[in-house]
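Student: So here's target38.cif (mmCIF, C-alpha atoms).
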data_start
#
loop_
_atom_site.label_atom_id
_atom_site.label_comp_id
_atom_site.auth_asym_id
_atom_site.auth_seq_id
_atom_site.Cartn_x
_atom_site.Cartn_y
_atom_site.Cartn_z
CA MET R 225 153.38 150.19 -3.67
CA ILE R 226 153.69 150.12 0.12
CA ALA R 227 152.24 153.64 0.38
CA ALA R 228 149.31 152.66 -1.85
CA SER R 229 148.71 149.45 0.10
CA LEU R 230 148.71 151.32 3.42
CA LEU R 231 146.21 153.83 2.01
CA LEU R 232 144.02 151.06 0.60
CA ARG R 233 143.93 149.27 3.95
CA SER R 234 143.32 152.54 5.75
CA PHE R 235 140.45 153.48 3.45
CA TRP R 236 138.90 150.03 3.79
CA ASP R 237 139.08 150.21 7.59
CA LEU R 238 137.60 153.71 7.49
CA PHE R 239 134.83 152.57 5.16
CA LYS R 240 133.92 149.76 7.58
CA VAL R 241 133.98 151.86 10.76
CA PRO R 242 130.50 152.05 12.36
CA PRO R 243 129.39 155.71 12.16
CA GLY R 244 127.03 155.38 15.12
CA PHE R 245 124.01 156.39 13.04
CA ASN R 246 122.04 154.65 10.30
CA PRO R 247 122.11 156.51 6.95
CA ASP R 248 120.00 153.91 5.16
CA ARG R 249 116.92 155.34 3.38
CA VAL R 250 117.36 158.81 4.92
CA MET R 251 117.00 162.03 2.91
CA ALA R 252 117.97 165.51 4.08
CA ILE R 253 116.31 168.63 2.61
CA HIS R 254 117.43 172.15 3.52
CA THR R 255 115.50 175.34 4.24
CA TRP R 256 115.92 178.55 6.21
CA LEU R 257 113.65 180.99 7.96
CA PRO R 258 113.70 184.74 7.25
CA GLY R 259 115.64 186.97 9.63
CA PRO R 260 114.43 190.56 9.16
CA ASN R 261 116.51 193.45 10.49
CA ASP R 262 113.61 194.52 12.67
CA PRO R 263 113.16 191.77 15.30
CA THR R 264 109.56 192.81 15.89
CA ALA R 265 108.77 191.95 12.27
CA ASP R 266 110.13 188.41 12.65
CA MET R 267 107.28 185.90 12.50
CA TYR R 268 109.54 183.26 14.01
CA ARG R 269 111.35 185.28 16.65
CA THR R 270 110.66 182.91 19.55
CA ALA R 271 110.78 179.15 19.86
CA THR R 272 107.03 179.10 20.50
CA GLN R 273 106.33 180.97 17.25
CA GLU R 274 108.76 178.81 15.29
CA SER R 275 107.50 175.53 16.76
CA VAL R 276 104.05 176.10 15.24
CA LEU R 277 105.64 176.19 11.79
CA LEU R 278 107.95 173.22 12.45
CA ARG R 279 105.21 170.99 13.82
CA GLU R 280 103.08 171.66 10.75
CA ILE R 281 106.01 170.97 8.39
CA LEU R 282 106.65 167.67 10.16
CA ARG R 283 102.97 166.73 10.11
CA ARG R 284 102.67 167.39 6.39
CA SER R 285 106.00 165.68 5.62
CA ARG R 286 104.82 162.48 7.29
CA THR R 287 101.88 162.34 4.87
CA LEU R 288 104.18 162.18 1.81
CA PRO R 289 104.32 158.87 -0.10
CA GLY R 290 106.88 156.47 1.39
CA VAL R 291 107.76 158.64 4.42
CA GLU R 292 107.96 156.63 7.64
CA GLU R 293 109.62 159.16 9.97
CA ALA R 294 110.38 162.88 9.92
CA ALA R 295 112.51 165.16 12.08
CA ILE R 296 114.09 168.61 11.93
CA GLY R 297 117.48 169.90 13.04
CA ASP R 298 119.82 172.80 12.48
CA VAL R 299 122.59 172.69 9.88
CA ALA R 300 124.99 171.09 12.40
CA ALA R 301 122.58 168.18 12.90
CA LEU R 302 123.38 166.75 9.43
CA PRO R 303 125.93 164.00 10.17
CA LEU R 304 129.16 164.40 8.18
CA GLY R 305 127.43 166.99 6.00
CA HIS R 306 128.43 170.24 7.68
CA ASN R 307 131.56 172.25 8.34
CA ARG R 308 133.15 172.20 11.76
CA GLY R 309 132.20 175.88 12.13
CA ASP R 310 128.51 174.95 11.84
CA LEU R 311 128.68 173.05 15.14
CA GLU R 312 128.07 176.04 17.39
CA PRO R 313 130.71 176.05 20.18
CA LEU R 314 129.07 176.73 23.53
CA LEU R 315 130.54 177.62 26.89
CA LEU R 316 129.72 174.87 29.35
CA ILE R 317 129.27 176.03 32.94
CA ARG R 318 128.55 173.09 35.24
CA GLU R 319 126.55 173.43 38.42
CA GLY R 320 128.69 173.10 41.51
CA LEU R 321 131.92 174.18 39.82
CA GLU R 322 133.19 177.70 40.27
CA THR R 323 134.03 178.62 36.68
CA LYS R 324 134.19 182.00 35.02
CA ALA R 325 132.22 182.00 31.80
CA ASN R 326 135.21 183.01 29.71
CA GLU R 327 137.26 180.16 31.20
CA ALA R 328 134.61 177.48 30.75
CA PRO R 329 135.27 174.56 28.38
CA LEU R 330 133.69 174.59 24.95
CA ILE R 331 131.27 171.96 23.74
CA GLY R 332 129.77 171.56 20.26
CA GLY R 333 126.06 172.15 20.18
CA SER R 334 123.22 171.46 17.77
CA ILE R 335 119.44 171.79 17.89
CA VAL R 336 117.06 168.97 16.94
CA SER R 337 113.42 167.99 17.18
CA PRO R 338 111.94 164.99 19.02
CA GLY R 339 112.30 161.97 16.77
CA TYR R 340 115.72 162.98 15.43
CA PHE R 341 117.66 160.35 17.37
CA HIS R 342 115.21 157.56 16.59
CA LEU R 343 115.17 158.48 12.88
CA LEU R 344 118.97 158.27 12.69
CA GLY R 345 119.21 155.18 14.87
CA MET R 346 121.31 156.90 17.56
CA ALA R 347 120.93 154.75 20.67
CA LEU R 348 119.81 156.14 24.01
CA LEU R 349 122.05 154.88 26.84
CA ARG R 350 120.59 156.63 29.87
CA GLY R 351 117.71 158.94 30.67
CA ARG R 352 115.19 160.00 28.04
CA LEU R 353 114.97 161.67 24.65
CA PHE R 354 113.21 164.94 23.81
CA SER R 355 109.42 164.99 23.76
CA ASP R 356 106.78 167.27 22.26
CA HIS R 357 106.22 168.62 25.79
CA ASP R 358 109.69 170.19 26.02
CA LEU R 359 108.59 173.75 25.21
CA GLU R 360 109.98 177.24 25.53
CA ASP R 361 108.09 177.88 28.78
CA THR R 362 109.10 174.54 30.37
CA PRO R 363 112.47 173.81 32.03
CA GLN R 364 115.29 173.78 29.50
CA VAL R 365 116.61 170.28 28.76
CA ALA R 366 119.53 168.85 26.81
CA ILE R 367 120.97 165.53 25.71
CA ILE R 368 124.71 164.81 25.57
CA ASN R 369 126.78 162.11 23.92
CA GLU R 370 128.98 159.57 25.68
CA ALA R 371 132.11 161.58 24.94
CA ALA R 372 130.68 164.57 26.84
CA ALA R 373 129.69 162.32 29.76
CA ARG R 374 133.20 160.86 29.94
CA THR R 375 134.88 164.23 29.62
CA TYR R 376 132.83 166.41 31.99
CA TRP R 377 131.26 163.90 34.40
CA PRO R 378 133.81 161.08 34.68
CA GLY R 379 132.62 158.32 36.98
CA GLN R 380 129.25 160.05 37.45
CA ASP R 381 125.79 159.84 35.98
CA PRO R 382 125.28 163.11 34.10
CA VAL R 383 121.51 162.65 33.89
CA GLY R 384 119.97 165.20 36.22
CA GLN R 385 123.05 167.44 36.20
CA ARG R 386 122.49 171.09 35.35
CA VAL R 387 124.57 173.35 33.11
CA ARG R 388 124.50 176.86 31.74
CA LEU R 389 125.28 177.29 28.06
CA GLY R 390 126.60 180.47 26.49
CA LEU R 391 128.03 181.61 23.19
CA SER R 392 131.80 181.18 22.97
CA GLY R 393 132.15 184.80 21.78
CA TRP R 394 131.31 186.15 25.20
CA SER R 395 134.18 187.73 27.07
CA SER R 396 134.72 188.90 30.61
CA ASN R 397 134.48 192.51 29.41
CA ASP R 398 130.88 192.18 28.28
CA GLY R 399 129.55 190.69 31.51
CA SER R 400 129.69 187.09 30.35
CA THR R 401 129.20 185.62 33.80
CA GLU R 402 126.06 187.64 34.33
CA ARG R 403 124.78 186.89 30.83
CA ALA R 404 125.40 183.17 31.34
CA ALA R 405 123.51 183.36 34.62
CA ARG R 406 120.57 185.00 32.90
CA GLU R 407 120.44 182.09 30.46
CA GLY R 408 119.24 179.91 33.32
CA TRP R 409 119.94 176.27 34.02
CA THR R 410 119.61 173.51 31.43
CA MET R 411 119.15 169.99 32.76
CA ILE R 412 120.81 166.96 31.15
CA VAL R 413 117.99 164.45 30.63
CA GLY R 414 119.67 161.84 28.45
CA VAL R 415 122.92 160.36 27.17
CA ILE R 416 123.18 158.91 23.66
CA ALA R 417 125.84 156.61 22.24
CA ASP R 418 128.77 158.25 20.47
CA ALA R 419 128.33 158.81 16.75
CA ARG R 420 130.95 159.98 14.27
CA THR R 421 128.95 162.95 13.02
CA GLU R 422 131.98 165.22 12.44
CA SER R 423 134.46 162.85 10.81
CA LEU R 424 134.77 159.11 10.37
CA ALA R 425 138.52 159.31 10.90
CA ASP R 426 138.67 161.51 14.02
CA ALA R 427 137.77 160.65 17.58
CA VAL R 428 134.24 161.53 18.68
CA THR R 429 134.07 164.96 20.31
CA PRO R 430 131.76 166.01 23.18
CA GLN R 431 128.40 167.26 21.91
CA ILE R 432 125.23 168.60 23.45
CA TYR R 433 121.81 168.63 21.79
CA ARG R 434 118.93 170.98 22.60
CA SER R 435 115.29 170.84 21.56
CA VAL R 436 114.27 172.96 18.58
CA TYR R 437 110.99 173.65 20.40
CA GLN R 438 112.99 175.43 23.12
CA ARG R 439 115.76 177.07 21.08
CA PRO R 440 114.78 178.67 17.74
CA PHE R 441 117.17 178.42 14.81
CA LYS R 442 117.00 179.88 11.31
CA THR R 443 118.91 177.42 9.11
CA LEU R 444 117.18 174.05 9.20
CA THR R 445 117.38 170.56 7.74
CA VAL R 446 114.35 168.31 7.31
CA PHE R 447 115.17 164.61 7.75
CA LEU R 448 112.94 161.95 6.18
CA ARG R 449 113.27 158.19 6.41
CA GLY R 450 111.41 155.75 4.19
CA GLN R 451 111.08 154.41 0.66
CA LEU R 452 111.64 157.78 -1.02
CA ASP R 453 112.10 158.75 -4.64
CA PRO R 454 115.11 161.14 -4.73
CA SER R 455 113.90 162.64 -8.01
CA LEU R 456 110.52 163.64 -6.54
CA ILE R 457 111.06 164.23 -2.84
CA LEU R 458 112.46 167.76 -3.13
CA ALA R 459 109.44 169.02 -5.08
CA GLN R 460 107.09 167.22 -2.70
CA VAL R 461 108.66 168.72 0.42
CA ARG R 462 108.84 172.16 -1.18
CA GLU R 463 105.13 172.00 -1.93
CA GLN R 464 104.29 171.05 1.65
CA VAL R 465 106.58 173.65 3.24
CA GLN R 466 105.45 176.48 0.99
CA SER R 467 101.82 175.58 1.56
CA VAL R 468 102.50 176.61 5.17
CA ASP R 469 104.71 179.62 4.36
CA SER R 470 105.11 180.46 0.68
CA GLY R 471 108.22 182.57 1.33
CA LEU R 472 110.40 179.75 2.62
CA PRO R 473 113.06 178.37 0.25
CA VAL R 474 113.45 174.57 0.06
CA PHE R 475 116.54 173.25 -1.67
CA HIS R 476 119.27 170.62 -1.99
CA ALA R 477 117.86 167.18 -1.22
CA GLU R 478 120.53 164.54 -0.58
CA THR R 479 120.68 161.04 0.82
CA LEU R 480 122.74 160.38 3.93
CA ASP R 481 124.53 157.61 2.02
CA ASP R 482 125.72 160.27 -0.45
CA VAL R 483 126.73 162.57 2.41
CA LEU R 484 128.75 159.76 4.00
CA SER R 485 130.39 158.94 0.66
CA SER R 486 131.24 162.62 0.05
CA SER R 487 132.90 162.85 3.46
CA LEU R 488 135.40 160.24 2.22
CA SER R 489 135.99 161.88 -1.17
CA VAL R 490 139.36 163.49 -0.34
CA ARG R 491 140.76 160.28 1.07
CA ARG R 492 139.30 158.30 -1.83
CA PHE R 493 140.95 160.63 -4.36
CA SER R 494 144.31 160.41 -2.56
CA MET R 495 144.04 156.63 -2.50
CA GLU R 496 143.16 156.41 -6.18
CA MET R 497 146.03 158.66 -7.22
CA VAL R 498 148.61 156.79 -5.13
CA ALA R 499 147.21 153.44 -6.30
CA PHE R 500 147.51 154.57 -9.93
CA PHE R 501 151.14 155.60 -9.50
CA ALA R 502 151.88 152.39 -7.58
CA ALA R 503 150.40 150.28 -10.39
CA THR R 504 152.45 152.29 -12.89
CA ALA R 505 155.59 151.74 -10.80
CA LEU R 506 154.87 148.00 -10.62
CA LEU R 507 154.45 147.85 -14.40
CA LEU R 508 157.68 149.79 -14.95
CA ALA R 509 159.48 147.55 -12.46
CA GLY R 510 158.33 144.45 -14.35
CA LEU R 511 159.32 145.93 -17.71
CA GLY R 512 162.65 147.10 -16.29
CA ILE R 513 163.55 143.68 -14.91
CA TYR R 514 162.45 142.01 -18.14
CA GLY R 515 164.52 144.39 -20.22
CA THR R 516 167.60 144.06 -17.99
CA ILE R 517 167.51 140.27 -17.89
CA SER R 518 166.90 140.12 -21.65
CA PHE R 519 169.95 142.34 -22.19
CA VAL R 520 172.10 140.21 -19.86
CA VAL R 521 170.99 136.99 -21.57
CA ASN R 522 171.71 138.45 -24.99
CA GLU R 523 175.19 139.57 -23.85
CA GLN R 524 175.94 136.15 -22.37
CA LYS R 525 174.56 133.98 -25.15
CA ARG R 526 178.07 132.67 -25.97
CA GLU R 527 178.76 131.77 -22.33
CA ILE R 528 175.39 130.03 -22.04
CA ALA R 529 175.99 128.17 -25.33
CA ILE R 530 179.41 126.95 -24.09
CA ARG R 531 177.85 125.76 -20.83
CA LEU R 532 175.20 123.87 -22.77
CA ALA R 533 177.84 122.41 -25.13
CA LEU R 534 179.85 121.18 -22.13
CA GLY R 535 176.80 119.36 -20.78
CA ALA R 536 175.09 121.89 -18.50
CA GLN R 537 171.51 120.99 -17.80
CA ARG R 538 168.96 123.34 -19.31
CA GLY R 539 167.21 123.48 -15.94
CA ASN R 540 170.41 124.87 -14.41
CA ILE R 541 170.51 127.59 -17.07
CA LEU R 542 166.91 128.49 -16.18
CA LYS R 543 167.81 128.71 -12.50
CA MET R 544 170.88 130.82 -13.22
CA VAL R 545 168.92 133.44 -15.15
CA LEU R 546 166.06 133.47 -12.64
CA ARG R 547 168.59 133.88 -9.82
CA ARG R 548 169.92 137.03 -11.47
CA GLY R 549 166.40 138.41 -11.81
CA LEU R 550 165.68 137.69 -8.18
CA GLY R 551 168.96 139.34 -7.23
CA LEU R 552 167.82 142.53 -8.94
CA ALA R 553 164.43 142.26 -7.22
CA ALA R 554 166.06 141.71 -3.82
CA ALA R 555 168.20 144.81 -4.23
CA GLY R 556 165.14 146.82 -5.26
CA VAL R 557 163.10 145.46 -2.36
CA GLY R 558 165.85 146.31 0.12
CA LEU R 559 166.11 149.91 -1.09
CA GLY R 560 162.33 150.18 -1.44
CA VAL R 561 161.61 148.98 2.10
CA ALA R 562 164.16 151.42 3.52
CA GLY R 563 162.55 154.27 1.60
CA ALA R 564 159.06 153.10 2.53
CA LEU R 565 159.92 153.11 6.24
CA ILE R 566 160.78 156.79 5.93
CA PHE R 567 157.91 157.76 3.64
CA SER R 568 155.22 155.82 5.52
CA HIS R 569 155.95 157.80 8.70
CA LEU R 570 155.57 161.04 6.74
CA MET R 571 152.12 159.94 5.55
CA ALA R 572 151.00 158.70 8.99
CA GLY R 573 148.46 161.54 9.17
CA LEU R 574 146.61 160.06 6.17
CA LEU R 575 146.28 156.62 7.73
CA TYR R 576 143.42 155.32 9.83
CA GLY R 577 143.66 152.15 11.92
CA VAL R 578 146.89 151.05 10.20
CA SER R 579 150.43 151.38 11.51
CA PRO R 580 152.94 153.10 9.18
CA THR R 581 155.13 150.00 9.65
CA ASP R 582 152.34 147.45 9.21
CA LEU R 583 154.16 144.13 8.76
CA PRO R 584 151.53 142.32 6.61
CA THR R 585 151.52 145.25 4.17
CA PHE R 586 155.33 145.32 3.86
CA ALA R 587 155.47 141.53 3.50
CA GLY R 588 152.61 141.41 1.00
CA VAL R 589 154.15 144.07 -1.24
CA THR R 590 157.54 142.35 -1.08
CA LEU R 591 155.93 139.06 -2.13
CA VAL R 592 154.03 140.70 -5.02
CA LEU R 593 157.15 142.45 -6.30
CA THR R 594 159.14 139.21 -6.06
CA LEU R 595 156.49 137.35 -8.06
CA VAL R 596 156.50 140.11 -10.69
CA ALA R 597 160.30 139.86 -10.87
CA LEU R 598 160.06 136.09 -11.34
CA ALA R 599 157.47 136.49 -14.09
CA ALA R 600 159.57 139.21 -15.79
CA SER R 601 162.69 137.01 -15.62
CA TYR R 602 161.03 133.84 -16.76
CA ILE R 603 160.66 134.73 -20.46
CA PRO R 604 164.37 135.63 -20.98
CA ALA R 605 165.32 132.58 -18.89
CA LEU R 606 163.14 130.35 -21.04
CA ARG R 607 164.75 131.81 -24.15
CA ALA R 608 168.24 131.17 -22.73
CA MET R 609 167.35 127.60 -21.81
CA ARG R 610 166.26 126.91 -25.40
CA LEU R 611 169.43 128.18 -27.06
CA ASP R 612 170.98 125.85 -29.66
CA PRO R 613 174.69 125.85 -28.65
CA ILE R 614 175.99 124.91 -32.14
CA THR R 615 173.99 127.57 -33.97
CA THR R 616 174.80 130.18 -31.34
CA LEU R 617 178.57 129.48 -31.34
CA HIS R 618 178.74 129.52 -35.15
CA SER R 619 176.88 132.80 -35.31
CA GLU R 620 179.16 134.31 -32.67
#
Re-express the file's structure as structure tokens.

Tutor:
Amino acid sequence: MIAASLLLRSFWDLFKVPPGFNPDRVMAIHTWLPGPNDPTADMYRTATQESVLLREILRRSRTLPGVEEAAIGDVAALPLGHNRGDLEPLLLIREGLETKANEAPLIGGSIVSPGYFHLLGMALLRGRLFSDHDLEDTPQVAIINEAAARTYWPGQDPVGQRVRLGLSGWSSNDGSTERAAREGWTMIVGVIADARTESLADAVTPQIYRSVYQRPFKTLTVFLRGQLDPSLILAQVREQVQSVDSGLPVFHAETLDDVLSSSLSVRRFSMEMVAFFAATALLLAGLGIYGTISFVVNEQKREIAIRLALGAQRGNILKMVLRRGLGLAAAGVGLGVAGALIFSHLMAGLLYGVSPTDLPTFAGVTLVLTLVALAASYIPALRAMRLDPITTLHSE
């Protein structure tokens, strides 16, 4: 019961935690661009080529019934709806720090279009957001979250700082320093508030966002906000996208509310299972105490009848039987609390925002079990109080 109560409180706290983005009335629809083996045959090889397609998809998506806003991002831009491996780890080389590329810290990166942060309600704290004028042939720009600002520019304003970003697979043997240098500088132009886009339970990790009009990407997610019909939106978006390029697949429309709910599914299942077994244990405890007290009362009917015959008050008989039931409950509570103290520390990794030794939880469960013990003892006690001493003694 204590384990279930801790999980219930943990799940409730996790459910109430602000994610840092607004999933209300947002749909996500997935697509990908072809990647032919021959790069020269790729229609969307550069960001400039790809941006023509993306701008047209966004323009057409905004004309759909009920759509208020539209944006595009890579697969990692879907909050709570991607694997950790989808958040491309990038080497972060900061200007002014002598750092070898293969020794640089890693930062999670994703690629989004202008309008992404406003659509998801992710607040801008400093600087600016991406604009339609951030193009492949203009200076490279990026936006970081608060966690990245705290981690890599503590006590400083990161806006205006320059970094070089490289793939984490580079090594010193393949000229990573030179390759990172060839990537050129990317300027930090904005800082957004932290959002729990990887996990509601874990601390926010440093992230950097780049403009999709400057960095092409093949696997994309179209974000739409508005009064949308989930049963129709996928077909509507597919029609608009394929009217631009008939070869592009469009699939798997989902609401961000569903994505958020799915991210809690493992914890929800664990909570439900433990809660079920705890309820079963509570029922068995009540039945066990009832059966034990009933047996004791039946074995001591003669003693109770003699007490009543000698003038014992029936209220005293009731108290005596209830006291025995509470004695059993107290012993069970003592052993249960000792076991719970051990077990709750073992399950600490499943808890969020709740101490494994949370006093209100331990006290609440103890009170509930005591009340169940009283209720289970009351019926045999009532039966003992109503014994007819003469009839009972004659029958004995």

Student: Go ahead and compute the interatomic distance for CA of Ala553 (chain R) and CA of Trp236 (chain R), in Å to one decimal.

Tutor: 28.9 Å

Student: Could you list the residues chosen by the PyMOL selection byres ((chain R and resi 339) around 12) in this structure as a ChimeraX atom specification?

Tutor: /R:279,282,292-297,336-338,340-348,352-356,435-436,446-449

Student: Could the residues in this selection be saved with C-alpha atoms as a short mmCIF file (atom, residue, chain, number, x, y, z; two decimals), keeping the file's coordinate frame?

Tutor:
data_model
loop_
_atom_site.label_atom_id
_atom_site.label_comp_id
_atom_site.auth_asym_id
_atom_site.auth_seq_id
_atom_site.Cartn_x
_atom_site.Cartn_y
_atom_site.Cartn_z
CA ARG R 279 105.21 170.99 13.82
CA LEU R 282 106.65 167.67 10.16
CA GLU R 292 107.96 156.63 7.64
CA GLU R 293 109.62 159.16 9.97
CA ALA R 294 110.38 162.88 9.92
CA ALA R 295 112.51 165.16 12.08
CA ILE R 296 114.09 168.61 11.93
CA GLY R 297 117.48 169.90 13.04
CA VAL R 336 117.06 168.97 16.94
CA SER R 337 113.42 167.99 17.18
CA PRO R 338 111.94 164.99 19.02
CA TYR R 340 115.72 162.98 15.43
CA PHE R 341 117.66 160.35 17.37
CA HIS R 342 115.21 157.56 16.59
CA LEU R 343 115.17 158.48 12.88
CA LEU R 344 118.97 158.27 12.69
CA GLY R 345 119.21 155.18 14.87
CA MET R 346 121.31 156.90 17.56
CA ALA R 347 120.93 154.75 20.67
CA LEU R 348 119.81 156.14 24.01
CA ARG R 352 115.19 160.00 28.04
CA LEU R 353 114.97 161.67 24.65
CA PHE R 354 113.21 164.94 23.81
CA SER R 355 109.42 164.99 23.76
CA ASP R 356 106.78 167.27 22.26
CA SER R 435 115.29 170.84 21.56
CA VAL R 436 114.27 172.96 18.58
CA VAL R 446 114.35 168.31 7.31
CA PHE R 447 115.17 164.61 7.75
CA LEU R 448 112.94 161.95 6.18
CA ARG R 449 113.27 158.19 6.41
#

Student: If you measure from CA of Leu230 (chain R) to CA of Thr594 (chain R), what distance in Å do you get, rounded to one decimal?

Tutor: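 Between these atoms lies a distance of 18.6 Å.
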
Student: Leaving out Val483 (chain R) and any residue of its chain fewer than 6 positions from it, which residues lie within 9 Å of it when counting all atoms listed in the file, given as a PDB file with C-alpha atoms, in the frame of the given file?

Tutor:
ATOM      1  CA  PRO R 247     122.110 156.510   6.950  1.00  0.00           C
ATOM      2  CA  LEU R 302     123.380 166.750   9.430  1.00  0.00           C
ATOM      3  CA  PRO R 303     125.930 164.000  10.170  1.00  0.00           C
ATOM      4  CA  LEU R 304     129.160 164.400   8.180  1.00  0.00           C
ATOM      5  CA  GLY R 305     127.430 166.990   6.000  1.00  0.00           C
TER       6      GLY R 305
END

Student: Using only C-alpha atoms, pick whichever of R:Gly320, R:Gly560, R:Gly510, R:Pro329 has the shortest atom-to-atom distance to Gly390 (chain R).

Tutor: R:Pro329

Student: Within 12 Å of (153.9, 149.0, -8.5), all atoms listed in the file: residues as a compact mmCIF listing (two decimals) with C-alpha atoms, in the coordinates of the input?

Tutor:
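out18.txt, written as the output of this step:
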# COMPACT_ATOMS: atom_id res chain seq x y z
CA MET R 225 153.38 150.19 -3.67
CA ILE R 226 153.69 150.12 0.12
CA ALA R 227 152.24 153.64 0.38
CA ALA R 228 149.31 152.66 -1.85
CA SER R 229 148.71 149.45 0.10
CA VAL R 498 148.61 156.79 -5.13
CA ALA R 499 147.21 153.44 -6.30
CA PHE R 500 147.51 154.57 -9.93
CA PHE R 501 151.14 155.60 -9.50
CA ALA R 502 151.88 152.39 -7.58
CA ALA R 503 150.40 150.28 -10.39
CA THR R 504 152.45 152.29 -12.89
CA ALA R 505 155.59 151.74 -10.80
CA LEU R 506 154.87 148.00 -10.62
CA LEU R 507 154.45 147.85 -14.40
CA LEU R 508 157.68 149.79 -14.95
CA ALA R 509 159.48 147.55 -12.46
CA GLY R 510 158.33 144.45 -14.35
CA LEU R 511 159.32 145.93 -17.71
CA GLY R 512 162.65 147.10 -16.29
CA GLY R 556 165.14 146.82 -5.26
CA VAL R 557 163.10 145.46 -2.36
CA GLY R 560 162.33 150.18 -1.44
CA VAL R 589 154.15 144.07 -1.24
CA THR R 590 157.54 142.35 -1.08
CA LEU R 591 155.93 139.06 -2.13
CA VAL R 592 154.03 140.70 -5.02
CA LEU R 593 157.15 142.45 -6.30
CA THR R 594 159.14 139.21 -6.06
CA LEU R 595 156.49 137.35 -8.06
CA VAL R 596 156.50 140.11 -10.69
CA ALA R 597 160.30 139.86 -10.87

Student: If I take CA of Glu319 (chain R) and CA of Val383 (chain R), how far is one from the other in Å, to one decimal?

Tutor: 12.7 Å

Student: Give me, as a PyMOL selection string, all polymer residues having an atom no more than 7 Å from region 537-542 of chain R, counting only C-alpha atoms and skipping those fewer than 3 positions away in the same chain.

Tutor: chain R and resi 532+545-546+605-606+609

Student: With C-alpha atoms retained, export the selected residues as a CSV table (one decimal), keeping the file's coordinate frame.

Tutor:
chain,number,residue,atom,x,y,z
R,532,LEU,CA,175.2,123.9,-22.8
R,545,VAL,CA,168.9,133.4,-15.2
R,546,LEU,CA,166.1,133.5,-12.6
R,605,ALA,CA,165.3,132.6,-18.9
R,606,LEU,CA,163.1,130.4,-21.0
R,609,MET,CA,167.4,127.6,-21.8

Student: List the neighbours of region 359-364 of chain R out to 6 Å using all atoms listed in the file; skip same-chain residues closer than 6 positions along the sequence, and give me the result as a list in words.

Tutor: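 Answer for this query is Thr410, Tyr437 and Gln438 of chain R.
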
Student: I need the residue set behind the PyMOL selection byres ((chain R and resi 440) around 12) for this file; please write it as a short mmCIF file (atom, residue, chain, number, x, y, z; two decimals) with C-alpha atoms, in the frame of the given file.

Tutor:
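And here's part29.cif as it stands now:
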data_model
loop_
_atom_site.label_atom_id
_atom_site.label_comp_id
_atom_site.auth_asym_id
_atom_site.auth_seq_id
_atom_site.Cartn_x
_atom_site.Cartn_y
_atom_site.Cartn_z
CA TRP R 256 115.92 178.55 6.21
CA LEU R 257 113.65 180.99 7.96
CA GLY R 259 115.64 186.97 9.63
CA ASP R 266 110.13 188.41 12.65
CA MET R 267 107.28 185.90 12.50
CA TYR R 268 109.54 183.26 14.01
CA ARG R 269 111.35 185.28 16.65
CA THR R 270 110.66 182.91 19.55
CA ALA R 271 110.78 179.15 19.86
CA THR R 272 107.03 179.10 20.50
CA GLN R 273 106.33 180.97 17.25
CA GLU R 274 108.76 178.81 15.29
CA SER R 275 107.50 175.53 16.76
CA VAL R 276 104.05 176.10 15.24
CA LEU R 277 105.64 176.19 11.79
CA LEU R 278 107.95 173.22 12.45
CA ILE R 296 114.09 168.61 11.93
CA GLY R 297 117.48 169.90 13.04
CA ASP R 298 119.82 172.80 12.48
CA SER R 334 123.22 171.46 17.77
CA ILE R 335 119.44 171.79 17.89
CA VAL R 336 117.06 168.97 16.94
CA SER R 337 113.42 167.99 17.18
CA LEU R 359 108.59 173.75 25.21
CA GLU R 360 109.98 177.24 25.53
CA ARG R 434 118.93 170.98 22.60
CA SER R 435 115.29 170.84 21.56
CA VAL R 436 114.27 172.96 18.58
CA TYR R 437 110.99 173.65 20.40
CA GLN R 438 112.99 175.43 23.12
CA ARG R 439 115.76 177.07 21.08
CA PHE R 441 117.17 178.42 14.81
CA LYS R 442 117.00 179.88 11.31
CA THR R 443 118.91 177.42 9.11
CA LEU R 444 117.18 174.05 9.20
#

Student: Selected by the PyMOL selection byres ((chain R and resi 520) around 12) in the shown coordinates: which residues, as a PyMOL selection string?

Tutor: chain R and resi 513-519+521-528+544-546+548-549+552+601+604-605+607-608

Student: As AutoDock Vina command-line options, please: the centre and edge lengths in Å, to one decimal, of an axis-aligned box enclosing every listed atom of region 588-596 of chain R with 8 Å added on each side.

Tutor:
--center_x 155.9 --center_y 140.7 --center_z -4.8 --size_x 22.5 --size_y 22.7 --size_z 27.7

Student: Considering all atoms listed in the file, state which residue in the set R:Ala372, R:Leu488, R:Ile603, R:Ala459 is at the smallest distance from His476 (chain R).

Tutor: R:Ala459

Student: Using all atoms listed in the file, which residues sit within 12 Å of Leu570 (chain R) once same-chain residues fewer than 4 positions away are excluded, as an NGL selection string?

Tutor: :R and (227 or 563-566 or 574-575 or 579-581)

Student: Identify which of the residues R:Val241, R:Leu452, R:Leu231, R:Ala599 lies closest to Pro289 (chain R), counting only C-alpha atoms when measuring atom-to-atom distances.

Tutor: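 So, comparing all the options, the nearest one is R:Leu452.
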
Student: Tell me which of R:Gly450, R:Gly471, R:Gly333, R:Gly414 sits closest to Thr429 (chain R), counting all atoms listed in the file.

Tutor: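 Nearest candidate to Thr429 (chain R) out of R:Gly450, R:Gly471, R:Gly333, R:Gly414: R:Gly333.
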